[in-house]
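Colleague: Sharing final-v7.pdb below, PDB, N, CA and C atoms:
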```pdb
MODEL        1
ATOM      1  N   MET A   1      65.730  47.411  69.211
ATOM      2  CA  MET A   1      66.095  47.188  70.596
ATOM      3  C   MET A   1      67.618  47.109  70.694
ATOM      4  N   THR A   2      68.115  47.621  71.758
ATOM      5  CA  THR A   2      69.546  47.574  72.006
ATOM      6  C   THR A   2      69.985  46.134  72.216
ATOM      7  N   ALA A   3      71.113  45.799  71.665
ATOM      8  CA  ALA A   3      71.650  44.444  71.868
ATOM      9  C   ALA A   3      71.992  44.267  73.343
ATOM     10  N   LEU A   4      71.532  43.187  73.893
ATOM     11  CA  LEU A   4      71.763  42.894  75.311
ATOM     12  C   LEU A   4      72.836  41.836  75.449
ATOM     13  N   THR A   5      73.569  41.942  76.523
ATOM     14  CA  THR A   5      74.493  40.865  76.845
ATOM     15  C   THR A   5      73.679  39.711  77.415
ATOM     16  N   LYS A   6      74.258  38.545  77.446
ATOM     17  CA  LYS A   6      73.572  37.382  78.021
ATOM     18  C   LYS A   6      73.215  37.658  79.486
ATOM     19  N   GLU A   7      74.109  38.326  80.203
ATOM     20  CA  GLU A   7      73.855  38.664  81.612
ATOM     21  C   GLU A   7      72.672  39.618  81.750
ATOM     22  N   GLN A   8      72.602  40.627  80.882
ATOM     23  CA  GLN A   8      71.475  41.561  80.929
ATOM     24  C   GLN A   8      70.163  40.856  80.605
ATOM     25  N   GLU A   9      70.203  39.996  79.604
ATOM     26  CA  GLU A   9      69.017  39.228  79.235
ATOM     27  C   GLU A   9      68.537  38.390  80.415
ATOM     28  N   THR A  10      69.467  37.711  81.075
ATOM     29  CA  THR A  10      69.118  36.884  82.238
ATOM     30  C   THR A  10      68.544  37.736  83.365
ATOM     31  N   GLU A  11      69.129  38.900  83.608
ATOM     32  CA  GLU A  11      68.633  39.797  84.656
ATOM     33  C   GLU A  11      67.200  40.256  84.362
ATOM     34  N   LEU A  12      66.935  40.610  83.112
ATOM     35  CA  LEU A  12      65.588  41.051  82.749
ATOM     36  C   LEU A  12      64.583  39.906  82.846
ATOM     37  N   GLU A  13      64.977  38.720  82.406
ATOM     38  CA  GLU A  13      64.095  37.553  82.518
ATOM     39  C   GLU A  13      63.801  37.246  83.981
ATOM     40  N   ALA A  14      64.819  37.334  84.821
ATOM     41  CA  ALA A  14      64.627  37.073  86.248
ATOM     42  C   ALA A  14      63.694  38.102  86.870
ATOM     43  N   ALA A  15      63.836  39.358  86.485
ATOM     44  CA  ALA A  15      62.957  40.410  87.006
ATOM     45  C   ALA A  15      61.509  40.167  86.578
ATOM     46  N   ALA A  16      61.321  39.783  85.315
ATOM     47  CA  ALA A  16      59.962  39.488  84.829
ATOM     48  C   ALA A  16      59.375  38.295  85.563
ATOM     49  N   PHE A  17      60.185  37.271  85.809
ATOM     50  CA  PHE A  17      59.736  36.092  86.543
ATOM     51  C   PHE A  17      59.319  36.478  87.966
ATOM     52  N   ARG A  18      60.145  37.267  88.645
ATOM     53  CA  ARG A  18      59.808  37.687  90.012
ATOM     54  C   ARG A  18      58.508  38.478  90.028
ATOM     55  N   ARG A  19      58.315  39.317  89.025
ATOM     56  CA  ARG A  19      57.081  40.107  88.956
ATOM     57  C   ARG A  19      55.869  39.217  88.700
ATOM     58  N   LEU A  20      56.016  38.227  87.828
ATOM     59  CA  LEU A  20      54.927  37.279  87.585
ATOM     60  C   LEU A  20      54.570  36.535  88.865
ATOM     61  N   VAL A  21      55.567  36.043  89.579
ATOM     62  CA  VAL A  21      55.319  35.319  90.825
ATOM     63  C   VAL A  21      54.622  36.229  91.837
ATOM     64  N   ALA A  22      55.093  37.462  91.982
ATOM     65  CA  ALA A  22      54.465  38.410  92.909
ATOM     66  C   ALA A  22      53.017  38.667  92.511
ATOM     67  N   HIS A  23      52.777  38.818  91.216
ATOM     68  CA  HIS A  23      51.419  39.058  90.724
ATOM     69  C   HIS A  23      50.508  37.874  91.048
ATOM     70  N   LEU A  24      50.986  36.664  90.812
ATOM     71  CA  LEU A  24      50.178  35.474  91.104
ATOM     72  C   LEU A  24      49.918  35.329  92.601
ATOM     73  N   ARG A  25      50.871  35.719  93.428
ATOM     74  CA  ARG A  25      50.657  35.678  94.884
ATOM     75  C   ARG A  25      49.592  36.683  95.296
ATOM     76  N   GLU A  26      49.614  37.862  94.675
ATOM     77  CA  GLU A  26      48.625  38.890  94.992
ATOM     78  C   GLU A  26      47.233  38.506  94.495
ATOM     79  N   ARG A  27      47.161  37.777  93.398
ATOM     80  CA  ARG A  27      45.884  37.422  92.793
ATOM     81  C   ARG A  27      45.450  36.010  93.181
ATOM     82  N   SER A  28      45.396  35.780  94.487
ATOM     83  CA  SER A  28      44.979  34.466  94.974
ATOM     84  C   SER A  28      43.520  34.162  94.634
ATOM     85  N   ASP A  29      42.770  35.197  94.213
ATOM     86  CA  ASP A  29      41.393  34.981  93.784
ATOM     87  C   ASP A  29      41.326  34.246  92.452
ATOM     88  N   VAL A  30      42.390  34.298  91.674
ATOM     89  CA  VAL A  30      42.432  33.603  90.388
ATOM     90  C   VAL A  30      42.835  32.158  90.652
ATOM     91  N   GLN A  31      41.939  31.261  90.363
ATOM     92  CA  GLN A  31      42.154  29.847  90.637
ATOM     93  C   GLN A  31      43.069  29.219  89.585
ATOM     94  N   ASN A  32      43.810  28.204  89.999
ATOM     95  CA  ASN A  32      44.694  27.507  89.073
ATOM     96  C   ASN A  32      43.928  26.935  87.880
ATOM     97  N   ILE A  33      42.749  26.411  88.118
ATOM     98  CA  ILE A  33      41.988  25.824  87.012
ATOM     99  C   ILE A  33      41.613  26.892  85.986
ATOM    100  N   ASP A  34      41.364  28.120  86.455
ATOM    101  CA  ASP A  34      41.076  29.209  85.518
ATOM    102  C   ASP A  34      42.315  29.544  84.693
ATOM    103  N   LEU A  35      43.475  29.573  85.342
ATOM    104  CA  LEU A  35      44.724  29.800  84.607
ATOM    105  C   LEU A  35      44.935  28.714  83.564
ATOM    106  N   MET A  36      44.728  27.466  83.958
ATOM    107  CA  MET A  36      44.904  26.349  83.023
ATOM    108  C   MET A  36      43.942  26.468  81.849
ATOM    109  N   ASN A  37      42.696  26.775  82.142
ATOM    110  CA  ASN A  37      41.690  26.852  81.084
ATOM    111  C   ASN A  37      41.935  28.012  80.124
ATOM    112  N   LEU A  38      42.479  29.113  80.627
ATOM    113  CA  LEU A  38      42.687  30.280  79.778
ATOM    114  C   LEU A  38      44.087  30.353  79.164
ATOM    115  N   ALA A  39      45.098  29.940  79.936
ATOM    116  CA  ALA A  39      46.474  30.146  79.492
ATOM    117  C   ALA A  39      47.249  28.857  79.261
ATOM    118  N   GLY A  40      46.724  27.740  79.720
ATOM    119  CA  GLY A  40      47.411  26.473  79.523
ATOM    120  C   GLY A  40      48.525  26.207  80.519
ATOM    121  N   PHE A  41      48.600  27.011  81.567
ATOM    122  CA  PHE A  41      49.550  26.764  82.648
ATOM    123  C   PHE A  41      48.979  27.365  83.926
ATOM    124  N   CYS A  42      49.526  26.928  85.065
ATOM    125  CA  CYS A  42      49.077  27.448  86.359
ATOM    126  C   CYS A  42      50.279  27.572  87.293
ATOM    127  N   ARG A  43      50.013  27.899  88.521
ATOM    128  CA  ARG A  43      51.084  28.037  89.509
ATOM    129  C   ARG A  43      51.864  26.737  89.670
ATOM    130  N   ASN A  44      51.156  25.612  89.648
ATOM    131  CA  ASN A  44      51.849  24.324  89.783
ATOM    132  C   ASN A  44      52.779  24.081  88.601
ATOM    133  N   CYS A  45      52.345  24.432  87.398
ATOM    134  CA  CYS A  45      53.212  24.302  86.222
ATOM    135  C   CYS A  45      54.464  25.146  86.413
ATOM    136  N   LEU A  46      54.273  26.369  86.851
ATOM    137  CA  LEU A  46      55.399  27.271  87.056
ATOM    138  C   LEU A  46      56.370  26.704  88.088
ATOM    139  N   SER A  47      55.832  26.127  89.155
ATOM    140  CA  SER A  47      56.711  25.533  90.174
ATOM    141  C   SER A  47      57.438  24.305  89.618
ATOM    142  N   ASN A  48      56.778  23.549  88.753
ATOM    143  CA  ASN A  48      57.440  22.405  88.114
ATOM    144  C   ASN A  48      58.569  22.871  87.195
ATOM    145  N   TRP A  49      58.330  23.928  86.435
ATOM    146  CA  TRP A  49      59.367  24.456  85.552
ATOM    147  C   TRP A  49      60.556  24.956  86.356
ATOM    148  N   TYR A  50      60.278  25.577  87.499
ATOM    149  CA  TYR A  50      61.342  26.058  88.381
ATOM    150  C   TYR A  50      62.177  24.879  88.888
ATOM    151  N   ARG A  51      61.490  23.849  89.350
ATOM    152  CA  ARG A  51      62.179  22.656  89.869
ATOM    153  C   ARG A  51      62.989  21.977  88.770
ATOM    154  N   GLU A  52      62.440  21.849  87.582
ATOM    155  CA  GLU A  52      63.154  21.236  86.457
ATOM    156  C   GLU A  52      64.401  22.038  86.101
ATOM    157  N   ALA A  53      64.306  23.375  86.132
ATOM    158  CA  ALA A  53      65.474  24.211  85.852
ATOM    159  C   ALA A  53      66.545  24.010  86.917
ATOM    160  N   ALA A  54      66.105  23.886  88.166
ATOM    161  CA  ALA A  54      67.060  23.637  89.251
ATOM    162  C   ALA A  54      67.756  22.296  89.047
ATOM    163  N   GLU A  55      66.979  21.283  88.699
ATOM    164  CA  GLU A  55      67.563  19.958  88.469
ATOM    165  C   GLU A  55      68.560  19.983  87.319
ATOM    166  N   GLU A  56      68.235  20.702  86.238
ATOM    167  CA  GLU A  56      69.155  20.822  85.105
ATOM    168  C   GLU A  56      70.460  21.495  85.504
ATOM    169  N   ALA A  57      70.372  22.387  86.503
ATOM    170  CA  ALA A  57      71.558  23.084  86.992
ATOM    171  C   ALA A  57      72.270  22.291  88.088
ATOM    172  N   GLY A  58      71.755  21.096  88.396
ATOM    173  CA  GLY A  58      72.375  20.262  89.412
ATOM    174  C   GLY A  58      72.045  20.683  90.834
ATOM    175  N   LEU A  59      70.947  21.418  90.994
ATOM    176  CA  LEU A  59      70.541  21.903  92.314
ATOM    177  C   LEU A  59      69.341  21.105  92.805
ATOM    178  N   PRO A  60      69.445  20.520  93.986
ATOM    179  CA  PRO A  60      68.330  19.735  94.501
ATOM    180  C   PRO A  60      67.218  20.632  95.063
ATOM    181  N   VAL A  61      66.086  20.654  94.389
ATOM    182  CA  VAL A  61      64.910  21.390  94.850
ATOM    183  C   VAL A  61      63.740  20.422  94.800
ATOM    184  N   SER A  62      63.077  20.254  95.928
ATOM    185  CA  SER A  62      61.953  19.318  95.988
ATOM    186  C   SER A  62      60.684  19.957  95.415
ATOM    187  N   LYS A  63      59.710  19.131  95.157
ATOM    188  CA  LYS A  63      58.415  19.605  94.680
ATOM    189  C   LYS A  63      57.804  20.578  95.681
ATOM    190  N   ASP A  64      57.866  20.226  96.967
ATOM    191  CA  ASP A  64      57.315  21.108  98.000
ATOM    192  C   ASP A  64      58.070  22.434  98.058
ATOM    193  N   GLU A  65      59.390  22.389  97.924
ATOM    194  CA  GLU A  65      60.186  23.615  97.958
ATOM    195  C   GLU A  65      59.883  24.515  96.770
ATOM    196  N   SER A  66      59.748  23.934  95.589
ATOM    197  CA  SER A  66      59.460  24.755  94.411
ATOM    198  C   SER A  66      58.050  25.342  94.486
ATOM    199  N   ARG A  67      57.121  24.593  95.018
ATOM    200  CA  ARG A  67      55.762  25.137  95.173
ATOM    201  C   ARG A  67      55.743  26.270  96.194
ATOM    202  N   GLU A  68      56.471  26.113  97.282
ATOM    203  CA  GLU A  68      56.511  27.178  98.282
ATOM    204  C   GLU A  68      57.147  28.440  97.697
ATOM    205  N   MET A  69      58.121  28.262  96.820
ATOM    206  CA  MET A  69      58.754  29.412  96.179
ATOM    207  C   MET A  69      57.736  30.181  95.334
ATOM    208  N   ILE A  70      56.875  29.487  94.640
ATOM    209  CA  ILE A  70      55.878  30.138  93.788
ATOM    210  C   ILE A  70      54.695  30.665  94.606
ATOM    211  N   TYR A  71      54.196  29.865  95.526
ATOM    212  CA  TYR A  71      53.007  30.247  96.294
ATOM    213  C   TYR A  71      53.307  31.206  97.445
ATOM    214  N   GLY A  72      54.564  31.247  97.893
ATOM    215  CA  GLY A  72      54.918  32.112  99.016
ATOM    216  C   GLY A  72      54.576  31.517 100.364
ATOM    217  N   MET A  73      54.178  30.268 100.350
ATOM    218  CA  MET A  73      53.820  29.534 101.572
ATOM    219  C   MET A  73      53.701  28.066 101.183
ATOM    220  N   PRO A  74      53.654  27.174 102.171
ATOM    221  CA  PRO A  74      53.435  25.766 101.808
ATOM    222  C   PRO A  74      52.148  25.612 100.988
ATOM    223  N   TYR A  75      52.211  24.740 100.000
ATOM    224  CA  TYR A  75      51.094  24.545  99.077
ATOM    225  C   TYR A  75      49.803  24.193  99.810
ATOM    226  N   GLU A  76      49.885  23.318 100.786
ATOM    227  CA  GLU A  76      48.679  22.927 101.526
ATOM    228  C   GLU A  76      48.056  24.129 102.226
ATOM    229  N   ASP A  77      48.874  25.025 102.756
ATOM    230  CA  ASP A  77      48.346  26.238 103.390
ATOM    231  C   ASP A  77      47.629  27.103 102.362
ATOM    232  N   TRP A  78      48.253  27.275 101.179
ATOM    233  CA  TRP A  78      47.638  28.091 100.139
ATOM    234  C   TRP A  78      46.287  27.490  99.723
ATOM    235  N   LYS A  79      46.275  26.170  99.529
ATOM    236  CA  LYS A  79      45.022  25.511  99.137
ATOM    237  C   LYS A  79      43.942  25.750 100.184
ATOM    238  N   ASN A  80      44.281  25.595 101.446
ATOM    239  CA  ASN A  80      43.301  25.792 102.518
ATOM    240  C   ASN A  80      42.797  27.223 102.583
ATOM    241  N   LEU A  81      43.654  28.186 102.291
ATOM    242  CA  LEU A  81      43.269  29.588 102.354
ATOM    243  C   LEU A  81      42.539  30.081 101.104
ATOM    244  N   HIS A  82      42.914  29.581  99.924
ATOM    245  CA  HIS A  82      42.467  30.216  98.690
ATOM    246  C   HIS A  82      41.772  29.319  97.677
ATOM    247  N   GLN A  83      42.022  28.029  97.685
ATOM    248  CA  GLN A  83      41.478  27.190  96.625
ATOM    249  C   GLN A  83      40.019  26.855  96.880
ATOM    250  N   LYS A  84      39.229  27.049  95.838
ATOM    251  CA  LYS A  84      37.802  26.733  95.899
ATOM    252  C   LYS A  84      37.544  25.483  95.075
ATOM    253  N   GLU A  85      36.447  24.834  95.333
ATOM    254  CA  GLU A  85      36.045  23.668  94.540
ATOM    255  C   GLU A  85      35.740  24.137  93.117
ATOM    256  N   ALA A  86      36.287  23.443  92.153
ATOM    257  CA  ALA A  86      36.041  23.789  90.752
ATOM    258  C   ALA A  86      34.591  23.484  90.391
ATOM    259  N   SER A  87      34.019  24.364  89.593
ATOM    260  CA  SER A  87      32.632  24.174  89.150
ATOM    261  C   SER A  87      32.598  23.113  88.058
ATOM    262  N   PRO A  88      31.427  22.550  87.803
ATOM    263  CA  PRO A  88      31.311  21.600  86.688
ATOM    264  C   PRO A  88      31.753  22.204  85.355
ATOM    265  N   VAL A  89      31.482  23.477  85.131
ATOM    266  CA  VAL A  89      31.882  24.142  83.889
ATOM    267  C   VAL A  89      33.410  24.233  83.814
ATOM    268  N   GLN A  90      34.052  24.607  84.923
ATOM    269  CA  GLN A  90      35.517  24.683  84.953
ATOM    270  C   GLN A  90      36.136  23.313  84.687
ATOM    271  N   LYS A  91      35.584  22.294  85.333
ATOM    272  CA  LYS A  91      36.117  20.932  85.157
ATOM    273  C   LYS A  91      35.951  20.460  83.712
ATOM    274  N   ALA A  92      34.800  20.731  83.121
ATOM    275  CA  ALA A  92      34.562  20.319  81.734
ATOM    276  C   ALA A  92      35.513  21.043  80.786
ATOM    277  N   SER A  93      35.722  22.325  81.012
ATOM    278  CA  SER A  93      36.641  23.090  80.183
ATOM    279  C   SER A  93      38.063  22.561  80.317
ATOM    280  N   PHE A  94      38.448  22.208  81.547
ATOM    281  CA  PHE A  94      39.781  21.654  81.769
ATOM    282  C   PHE A  94      39.953  20.334  81.019
ATOM    283  N   GLU A  95      38.969  19.479  81.096
ATOM    284  CA  GLU A  95      39.048  18.183  80.407
ATOM    285  C   GLU A  95      39.173  18.371  78.900
ATOM    286  N   GLN A  96      38.487  19.370  78.383
ATOM    287  CA  GLN A  96      38.529  19.628  76.947
ATOM    288  C   GLN A  96      39.862  20.251  76.515
ATOM    289  N   ASN A  97      40.453  21.088  77.361
ATOM    290  CA  ASN A  97      41.618  21.871  76.972
ATOM    291  C   ASN A  97      42.932  21.456  77.621
ATOM    292  N   LYS A  98      42.908  20.458  78.500
ATOM    293  CA  LYS A  98      44.129  20.126  79.230
ATOM    294  C   LYS A  98      45.246  19.689  78.272
ATOM    295  N   PRO A  99      46.488  20.003  78.672
ATOM    296  CA  PRO A  99      47.618  19.614  77.811
ATOM    297  C   PRO A  99      47.652  18.113  77.591
ATOM    298  N   LYS A 100      48.027  17.758  76.391
ATOM    299  CA  LYS A 100      48.157  16.332  76.061
ATOM    300  C   LYS A 100      49.506  15.836  76.550
ATOM    301  N   ASP A 101      49.564  14.605  77.003
ATOM    302  CA  ASP A 101      50.837  14.035  77.479
ATOM    303  C   ASP A 101      51.780  13.751  76.344
TER     304      ASP A 101
ENDMDL
END
```
Taking this structure as input, can you express it in the form of structure tokens?
Modeller:
Amino acid sequence: MTALTKEQETELEAAAFRRLVAHLRERSDVQNIDLMNLAGFCRNCLSNWYREAAEEAGLPVSKDESREMIYGMPYEDWKNLHQKEASPVQKASFEQNKPKD
């Protein structure tokens, strides 16, 4: 691979992040609990990581603002439109596989 400058690396990472966010917005049929059970992270995790990065950079971003950035709308609106009740199987899998504190 060609050696990248730090700026190029950041640009490519940002492009990949934007594409991931766009993909997750398009795939509202994929529930957060399914993401957690299969990948160990979900949209809320991603919004938390975004907010933490902002805080590290000295930028004030609230939990609601970071969630809206990831979901493309207020979180409560997204939940009302797309979130389904988790099945007993999904809940059991989450309890078994959830990240340890």
Colleague: In terms of the shortest atom-to-atom distance over only C-alpha atoms, which of A:Glu76, A:Glu85, A:Glu68, A:Glu95 is closest to Val21 in chain A?
Modeller: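 Comparing A:Glu76, A:Glu85, A:Glu68, A:Glu95 against Val21 in chain A, the winner is A:Glu68.
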Colleague: Would you compute the distance between atom N of Gln90 in chain A and CA of Arg43 in chain A? Give it in Å to one decimal.
Modeller: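 Going from atom N of Gln90 in chain A over to CA of Arg43 in chain A covers 18.0 Å.
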Colleague: Based on the backbone DSSP call, show me all residues of range 19-83 of chain A assigned helix (DSSP H, G or I), as a ChimeraX atom specification.
Modeller: /A:19-26,32-39,43-56,63-71,75-82
Colleague: Need the shell around range 23-38 of chain A: protein/DNA/RNA residues with any atom at most 6.5 Å away, counting all atoms listed in the file. Skip same-chain ones fewer than 5 positions apart. Format as a PyMOL selection string?
Modeller: chain A and resi 18+43+70-71+82+93-94+97
Colleague: Can you pull out the residues contacting Ser66 in chain A? Cut-off 7 Å, using only N, CA and C atoms, and skip same-chain residues under 4 positions away; I want them as a PDB file with N, CA and C atoms, in the frame of the given file.
Modeller:
```
ATOM      1  N   LEU A  46      54.273  26.369  86.851  1.00  0.00           N
ATOM      2  CA  LEU A  46      55.399  27.271  87.056  1.00  0.00           C
ATOM      3  C   LEU A  46      56.370  26.704  88.088  1.00  0.00           C
ATOM      4  N   SER A  47      55.832  26.127  89.155  1.00  0.00           N
ATOM      5  CA  SER A  47      56.711  25.533  90.174  1.00  0.00           C
ATOM      6  C   SER A  47      57.438  24.305  89.618  1.00  0.00           C
ATOM      7  N   ASN A  48      56.778  23.549  88.753  1.00  0.00           N
ATOM      8  CA  ASN A  48      57.440  22.405  88.114  1.00  0.00           C
ATOM      9  C   ASN A  48      58.569  22.871  87.195  1.00  0.00           C
ATOM     10  N   TYR A  50      60.278  25.577  87.499  1.00  0.00           N
ATOM     11  CA  TYR A  50      61.342  26.058  88.381  1.00  0.00           C
ATOM     12  C   TYR A  50      62.177  24.879  88.888  1.00  0.00           C
ATOM     13  N   ARG A  51      61.490  23.849  89.350  1.00  0.00           N
ATOM     14  CA  ARG A  51      62.179  22.656  89.869  1.00  0.00           C
ATOM     15  C   ARG A  51      62.989  21.977  88.770  1.00  0.00           C
ATOM     16  N   VAL A  61      66.086  20.654  94.389  1.00  0.00           N
ATOM     17  CA  VAL A  61      64.910  21.390  94.850  1.00  0.00           C
ATOM     18  C   VAL A  61      63.740  20.422  94.800  1.00  0.00           C
ATOM     19  N   SER A  62      63.077  20.254  95.928  1.00  0.00           N
ATOM     20  CA  SER A  62      61.953  19.318  95.988  1.00  0.00           C
ATOM     21  C   SER A  62      60.684  19.957  95.415  1.00  0.00           C
ATOM     22  N   ILE A  70      56.875  29.487  94.640  1.00  0.00           N
ATOM     23  CA  ILE A  70      55.878  30.138  93.788  1.00  0.00           C
ATOM     24  C   ILE A  70      54.695  30.665  94.606  1.00  0.00           C
ATOM     25  N   TYR A  71      54.196  29.865  95.526  1.00  0.00           N
ATOM     26  CA  TYR A  71      53.007  30.247  96.294  1.00  0.00           C
ATOM     27  C   TYR A  71      53.307  31.206  97.445  1.00  0.00           C
TER      28      TYR A  71
END
```
Colleague: Quote the spacing between CA of Asp64 in chain A and CA of Asn44 in chain A in Å to one decimal place.
Modeller: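 A separation of 10.4 Å between them.
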Colleague: Using Å and a single decimal, report how far CA of Ala39 in chain A sits from CA of Gln96 in chain A.
Modeller: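 So the answer is 13.4 Å.
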Colleague: Box in all listed atoms of range 21-39 of chain A, axis-aligned, with 3 Å more on each side; write out centre and edge lengths in Å to one decimal as JSON.
Modeller:
```
{"center_x": 48.3, "center_y": 32.4, "center_z": 87.2, "size_x": 20.5, "size_y": 19.2, "size_z": 22.1}
```
Colleague: Should you be able to, write range 14-25 of chain A of this structure into a file that contains N, CA and C atoms, as a PDB file, in the first residue's frame.
Modeller:
```
ATOM      1  N   ALA A  14     -12.552   9.191   7.685  1.00  0.00           N
ATOM      2  CA  ALA A  14     -13.788   9.972   7.741  1.00  0.00           C
ATOM      3  C   ALA A  14     -14.770   9.515   6.671  1.00  0.00           C
ATOM      4  N   ALA A  15     -14.275   9.224   5.481  1.00  0.00           N
ATOM      5  CA  ALA A  15     -15.143   8.742   4.401  1.00  0.00           C
ATOM      6  C   ALA A  15     -15.761   7.392   4.765  1.00  0.00           C
ATOM      7  N   ALA A  16     -14.950   6.503   5.339  1.00  0.00           N
ATOM      8  CA  ALA A  16     -15.472   5.192   5.759  1.00  0.00           C
ATOM      9  C   ALA A  16     -16.512   5.352   6.854  1.00  0.00           C
ATOM     10  N   PHE A  17     -16.272   6.258   7.796  1.00  0.00           N
ATOM     11  CA  PHE A  17     -17.223   6.523   8.871  1.00  0.00           C
ATOM     12  C   PHE A  17     -18.544   7.046   8.296  1.00  0.00           C
ATOM     13  N   ARG A  18     -18.466   8.008   7.382  1.00  0.00           N
ATOM     14  CA  ARG A  18     -19.690   8.553   6.779  1.00  0.00           C
ATOM     15  C   ARG A  18     -20.463   7.464   6.050  1.00  0.00           C
ATOM     16  N   ARG A  19     -19.746   6.580   5.377  1.00  0.00           N
ATOM     17  CA  ARG A  19     -20.413   5.489   4.658  1.00  0.00           C
ATOM     18  C   ARG A  19     -21.068   4.510   5.626  1.00  0.00           C
ATOM     19  N   LEU A  20     -20.395   4.200   6.727  1.00  0.00           N
ATOM     20  CA  LEU A  20     -20.987   3.332   7.746  1.00  0.00           C
ATOM     21  C   LEU A  20     -22.259   3.954   8.307  1.00  0.00           C
ATOM     22  N   VAL A  21     -22.211   5.231   8.645  1.00  0.00           N
ATOM     23  CA  VAL A  21     -23.385   5.913   9.187  1.00  0.00           C
ATOM     24  C   VAL A  21     -24.525   5.897   8.167  1.00  0.00           C
ATOM     25  N   ALA A  22     -24.226   6.194   6.907  1.00  0.00           N
ATOM     26  CA  ALA A  22     -25.254   6.173   5.860  1.00  0.00           C
ATOM     27  C   ALA A  22     -25.852   4.778   5.725  1.00  0.00           C
ATOM     28  N   HIS A  23     -25.002   3.762   5.778  1.00  0.00           N
ATOM     29  CA  HIS A  23     -25.472   2.380   5.670  1.00  0.00           C
ATOM     30  C   HIS A  23     -26.405   2.033   6.830  1.00  0.00           C
ATOM     31  N   LEU A  24     -26.025   2.406   8.041  1.00  0.00           N
ATOM     32  CA  LEU A  24     -26.868   2.118   9.208  1.00  0.00           C
ATOM     33  C   LEU A  24     -28.191   2.876   9.140  1.00  0.00           C
ATOM     34  N   ARG A  25     -28.181   4.078   8.592  1.00  0.00           N
ATOM     35  CA  ARG A  25     -29.435   4.832   8.426  1.00  0.00           C
ATOM     36  C   ARG A  25     -30.342   4.145   7.417  1.00  0.00           C
TER      37      ARG A  25
END
```
